[in-house]
Structure formats: C-alpha cells, structure tokens
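Okay, so here's the structure we're looking at.
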Amino acid sequence: MSKTVFVIGGGPAGMAAALFAARAGAHAVLMEKNEKLGKKLYITGKGRCNVTSAAENLMNHIPRNPRFLYSAFACFSPDDLRDLLAQYGCPTKEERGERVFPVSEKASDVTRALERALREAGVEIRLNAQAASLEPLLRQGAVVVATGGLSYPSTGSTGDGYRFAQQAGHSLIAPKPSLIPLETREQWPKALQGLSLKNVTLRAEVNGKKRYEEQGEMLFTHFGISGPLTLSMSSHIADDPPQAVRVTLDMKPALTVEQLEARLQREFDASPKKRVASILPALLPARMADVFPALCAVNGETLCAQVSRADRRKIAETLKKIPLTIRGPRPVEEAIVTRGGVPVNEVSPRDMMSKKRPGLFFAGEVLDVDAHTGGFNLQIAFSTGALAGKSAAAWEENVE
C-alpha cells in the first residue's frame, strides 16, 4: 500500500505538491479550507493569471534568498510548467516583459488544467477541510505545508502556515508586505489618481546608496503610487525604514538634463508669447502638467520669452528627478505576496524538508522567499511545491 502525503493548502504550491507526490507513488491528500482550489489564482494578473516568466535567468528577479531555489527550479522549470498546462488543455503565450499568460487569458483555465492533472494522478481532494494541527497528520504520513502568507486573506491566506511552523519548532521571520503599493506624504500624486505613466524610471536610494532603478510603468492612486515599478521597488525597500528611503521619478529617462534644457529653449523660442504652463503638455501628460509648475517652483503664468535660465534649469532637473516621500506600504492584506515566514536556513533547499521536524515540508509563500512581479512568485510556488511533493513521497518510501 502506498504511503500518504498530506498537502495543506490548495493554491499553486499545494496543487503542485499533491500532483508530484501522487506521480511519485504516494497517496496524496490535498486539503483546502475553501470551497474550491486555486482561489488566489483567480485574481492574479487581473484575472488573466501571469502564470510564469520566460526570463532567461530567474535568479535576477528574486531579491530575497534566490540561491535557496536552485533545486526547486531544476525540479520544475517554467518550461515544465508550460508543458504541463498545455498537456491538460491550457496552452500559454509570452507577452511583453517576458510574462507568460494562458492563451485564453482566463485564470480559471489554469486551475482547471491543474485539476485535470490532479484527478488523472489520483489525488484525493478534500475541500472545506481545515487542518487544526500538524501532529495528527504527521503520525499518518508526510505533510507539505503550502498555505500561503497573509496577502489577500479573503482567498484563505490567513497565516495558518506560520502557526504550523511554530508548532514544529521553527522560528518565524515577521511577515511584511512585498509587491505592494506605497503611500506618499505628498498630496499631488493623490490628485492624479488613475493616471498611468509609461516609459518612466523610478529610483530608490537608501542612506545615499542606490537600492532600485528600473524603467517601465507606474500608477498614481488615491493614497500615493502603484503599478509594476512601484510594486517591484517595494520588495527592495521592504526592510528599510521609510524615512531612510529617497524615491525619485524620472519622466524623461532617455534624455539628459542638458538635452531637456535645449528642448525647452526650442519650445520657448517657438512660442515666446505663450505661458510656460501651456508648453508643459508637450512634455508631460496633461493632468501632470497642471501640477508640475508647483513641483519645480516655477511660475506657470510666466511668458516663455521671460523664462530665466535658472528656471529653465529647474524645469529640466525636476523632469529628471521628481521627489516622492514614502510614508510606508499599504496594509499587508493588499500585498501581492508576503515577505518573511519560515526562514530558509531551517529548511533543506534540496528537498524542502524541515530541519526541525522530519517528514514536514514547506512550499510557496509560507517560506521567506519573494520575487519581482512578472510571474516569478507563482513559479516559485509551483517549483517549491513540486520539489516538496516529490521529496515527501520519497521520504515516506524510506521511512520503513
């Protein structure tokens, strides 16, 4: 009779763990406290599910404990995931930024494909099944904890895995939000709520040292800033006090200050009787042009013919470096992923087994590993889940 592997949590990590445990010959029992599997998958990528990345080097996109993941990615790579989904009726496609989505653009198709694979492998799925503690399960077999973190608690990620880890003797790195919008002290971003910027550069310095710099898209909100650049930046400054972080926005990353000065001079020479404020929409989105004179401390009513060299310089320099003062992140419940959790030095990277409790394995967001946006965090979940499930089945075989 095959040995039993209990998997707690029916998200991407849990489904992968149960599938690979069953394929390795174990009786896999997948326990999900919700009424359906993959509840968090349904809301990823705005319902389209950015399921993985086609990036050549995944490690470059994982700022937190990347080396811990070598064995997991070797066990189950992005190509392996795409092949699995295609095999069960969910082909994928690559889009801008090396992001991979289902061809159907429906997150539900990812879950359906995984459910087909689980059924074919003979996984026993128990819905509305809440695990109270680990010990009763560990007495019956191996256990994979794949319960997620604290982000989006409505999907079932309410920190259960942290409690299980502590029951087993693990320490805990305090969970923090990562990949999360940021609140600003300035009020002007809030006045631009809903405005999306493209091809801008967001930079962050901590105590004078560059911590983050990327070009892409960002979004102004009713509380500050969001969008891909902001979310990625948040993972790099998650452990820093907000007062130590200096953030600047470059509206014209392709131009130098001197090139911008020259362009401004041409604009002013061509329209000497126009106000400065009327020229700015040629350089900025209209809504942002309205607030820009105040940002650079230049009178927008000044005629172009009367703009001083000093004011022209201030406009150019501000276009390259608009300051944003970060008050802090939004609540952890709004984070895409959670930083912190089970320390990776208490888990074996070669098989995801606990160093504190034999037969106990961890996978996914419950571990202290997180990455940038772009499908990397889902791939971490799938890969660590696959390795944990396969390893749990092998451990059960070797117990007796």
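Chain labels A, B, ... are given in the sequence in which chains occur in the structure tokens; within each chain residues are numbered consecutively from 1, and ligands are likewise numbered from 1 in the order shown.
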Find the spatial neighbours of Ala388 of chain A, counting only C-alpha atoms, within a cut-off of 8 Å - ignore same-chain residues fewer than 6 positions away - and output them as a PyMOL selection string.
-> chain A and resi 17+144+351-353+361-363
Using DSSP on the backbone coordinates, identify all residues within segment 25-215 of chain A classified as strand (DSSP E or B); present the result as a VMD selection string.
-> chain A and resid 27 to 32 52 to 53 64 92 to 95 99 to 102 124 to 127 142 to 145 173 to 178 182 to 184 196 to 206 209 to 215
Pick out the residues sitting within 6 Å of segment 169-181 of chain A, and hand them over as a compact mmCIF listing (two decimals) with N, CA, C and O atoms, in the first residue's frame; count only C-alpha atoms, and ignore anything fewer than 2 positions along from it in its own chain.
```txt
# COMPACT_ATOMS: atom_id res chain seq x y z
N ALA A 165 4.29 26.04 11.42
CA ALA A 165 5.74 26.04 11.50
C ALA A 165 6.21 26.19 12.95
O ALA A 165 7.12 25.49 13.40
N GLN A 166 5.56 27.10 13.66
CA GLN A 166 5.94 27.30 15.06
C GLN A 166 5.59 26.08 15.91
O GLN A 166 6.33 25.74 16.84
N GLN A 167 4.51 25.40 15.59
CA GLN A 167 4.17 24.16 16.30
C GLN A 167 5.29 23.13 16.15
O GLN A 167 5.55 22.35 17.07
N SER A 226 1.42 53.22 -7.32
CA SER A 226 1.30 51.78 -7.51
C SER A 226 1.81 51.46 -8.91
O SER A 226 2.56 52.22 -9.49
N LEU A 231 5.55 48.32 -7.35
CA LEU A 231 5.46 47.01 -6.69
C LEU A 231 6.84 46.36 -6.60
O LEU A 231 7.22 45.84 -5.55
N SER A 232 7.59 46.39 -7.70
CA SER A 232 8.93 45.81 -7.67
C SER A 232 9.83 46.57 -6.70
O SER A 232 10.60 45.96 -5.93
N SER A 234 8.99 48.10 -4.06
CA SER A 234 8.60 47.84 -2.68
C SER A 234 9.30 46.61 -2.11
O SER A 234 9.58 46.55 -0.91
N SER A 235 9.61 45.62 -2.97
CA SER A 235 10.29 44.42 -2.47
C SER A 235 11.74 44.70 -2.12
O SER A 235 12.34 43.99 -1.30
N ARG A 330 1.11 50.01 1.91
CA ARG A 330 -0.29 49.75 2.24
C ARG A 330 -0.34 48.53 3.18
O ARG A 330 0.66 47.83 3.36
N VAL A 332 -0.67 44.85 4.80
CA VAL A 332 -0.18 43.58 4.26
C VAL A 332 -1.28 42.82 3.52
O VAL A 332 -1.00 42.07 2.58
N ALA A 335 -1.03 43.27 -0.15
CA ALA A 335 0.20 42.88 -0.84
C ALA A 335 -0.06 41.73 -1.81
O ALA A 335 -0.92 40.88 -1.57
N ILE A 336 0.69 41.70 -2.90
CA ILE A 336 0.60 40.57 -3.82
C ILE A 336 1.22 39.33 -3.18
O ILE A 336 0.70 38.23 -3.31
N VAL A 337 2.34 39.52 -2.48
CA VAL A 337 2.96 38.43 -1.75
C VAL A 337 3.43 38.93 -0.39
O VAL A 337 3.52 40.13 -0.15
N THR A 338 3.75 37.97 0.48
CA THR A 338 4.24 38.29 1.82
C THR A 338 5.72 37.96 1.92
O THR A 338 6.14 36.87 1.53
N ARG A 339 6.50 38.90 2.41
CA ARG A 339 7.91 38.63 2.74
C ARG A 339 7.97 38.12 4.17
O ARG A 339 7.18 38.51 5.02
N GLY A 340 8.95 37.27 4.44
CA GLY A 340 9.08 36.71 5.78
C GLY A 340 8.47 35.32 5.83
O GLY A 340 8.18 34.70 4.82
N GLY A 341 8.29 34.80 7.05
CA GLY A 341 7.76 33.46 7.21
C GLY A 341 8.83 32.50 7.70
O GLY A 341 9.68 32.85 8.52
N VAL A 342 8.79 31.28 7.20
CA VAL A 342 9.73 30.25 7.64
C VAL A 342 11.13 30.56 7.10
O VAL A 342 11.31 30.67 5.88
```
If you measure from atom CA of Asp79 of chain A to atom CA of Gly25 of chain A, what distance in Å do you get, rounded to one decimal?
->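 We find that atom CA of Asp79 of chain A and atom CA of Gly25 of chain A lie 23.5 Å from each other.
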For segment 81-93 of chain A: contacts at 6 Å, only C-alpha atoms, fewer than 4 positions along chain excluded, given as a list in words = Val100, Phe101, Pro102, Val103 and Ala113 of chain A
Written selection (all heavy atoms) as a compact mmCIF listing (two decimals), in the first residue's frame:
```
# COMPACT_ATOMS: atom_id res chain seq x y z
N VAL A 100 4.19 35.37 -19.02
CA VAL A 100 3.51 34.24 -19.66
C VAL A 100 2.08 34.15 -19.12
O VAL A 100 1.87 34.13 -17.89
CB VAL A 100 4.26 32.93 -19.41
CG1 VAL A 100 3.48 31.74 -19.97
CG2 VAL A 100 5.65 32.99 -20.04
N PHE A 101 1.11 34.09 -20.05
CA PHE A 101 -0.30 34.02 -19.71
C PHE A 101 -0.96 32.84 -20.44
O PHE A 101 -0.44 32.38 -21.46
CB PHE A 101 -1.04 35.30 -20.14
CG PHE A 101 -0.65 36.53 -19.39
CD1 PHE A 101 0.44 37.29 -19.79
CD2 PHE A 101 -1.38 36.95 -18.29
CE1 PHE A 101 0.81 38.43 -19.11
CE2 PHE A 101 -1.04 38.09 -17.60
CZ PHE A 101 0.05 38.84 -18.01
N PRO A 102 -2.11 32.37 -19.95
CA PRO A 102 -2.87 31.41 -20.74
C PRO A 102 -3.30 32.04 -22.06
O PRO A 102 -3.61 33.24 -22.10
CB PRO A 102 -4.10 31.11 -19.86
CG PRO A 102 -3.76 31.62 -18.50
CD PRO A 102 -2.78 32.72 -18.68
N VAL A 103 -3.31 31.27 -23.13
CA VAL A 103 -3.77 31.79 -24.41
C VAL A 103 -5.20 32.30 -24.29
O VAL A 103 -5.57 33.31 -24.90
CB VAL A 103 -3.68 30.69 -25.50
CG1 VAL A 103 -4.38 31.12 -26.78
CG2 VAL A 103 -2.21 30.36 -25.78
N ALA A 113 -6.89 23.14 -15.65
CA ALA A 113 -5.86 22.25 -16.17
C ALA A 113 -5.18 21.50 -15.02
O ALA A 113 -4.94 20.28 -15.11
CB ALA A 113 -4.82 23.05 -16.96
```
May I have the residues within 10 Å of Gly97 of chain A as an MDAnalysis selection string, using only C-alpha atoms and disregarding those fewer than 5 positions away in the same chain?
-> chainID A and resid 53:55 216 374
What is the distance between atom CA of Arg119 of chain A and atom CA of Ala18 of chain A, in Å to one decimal?
-> 10.5 Å
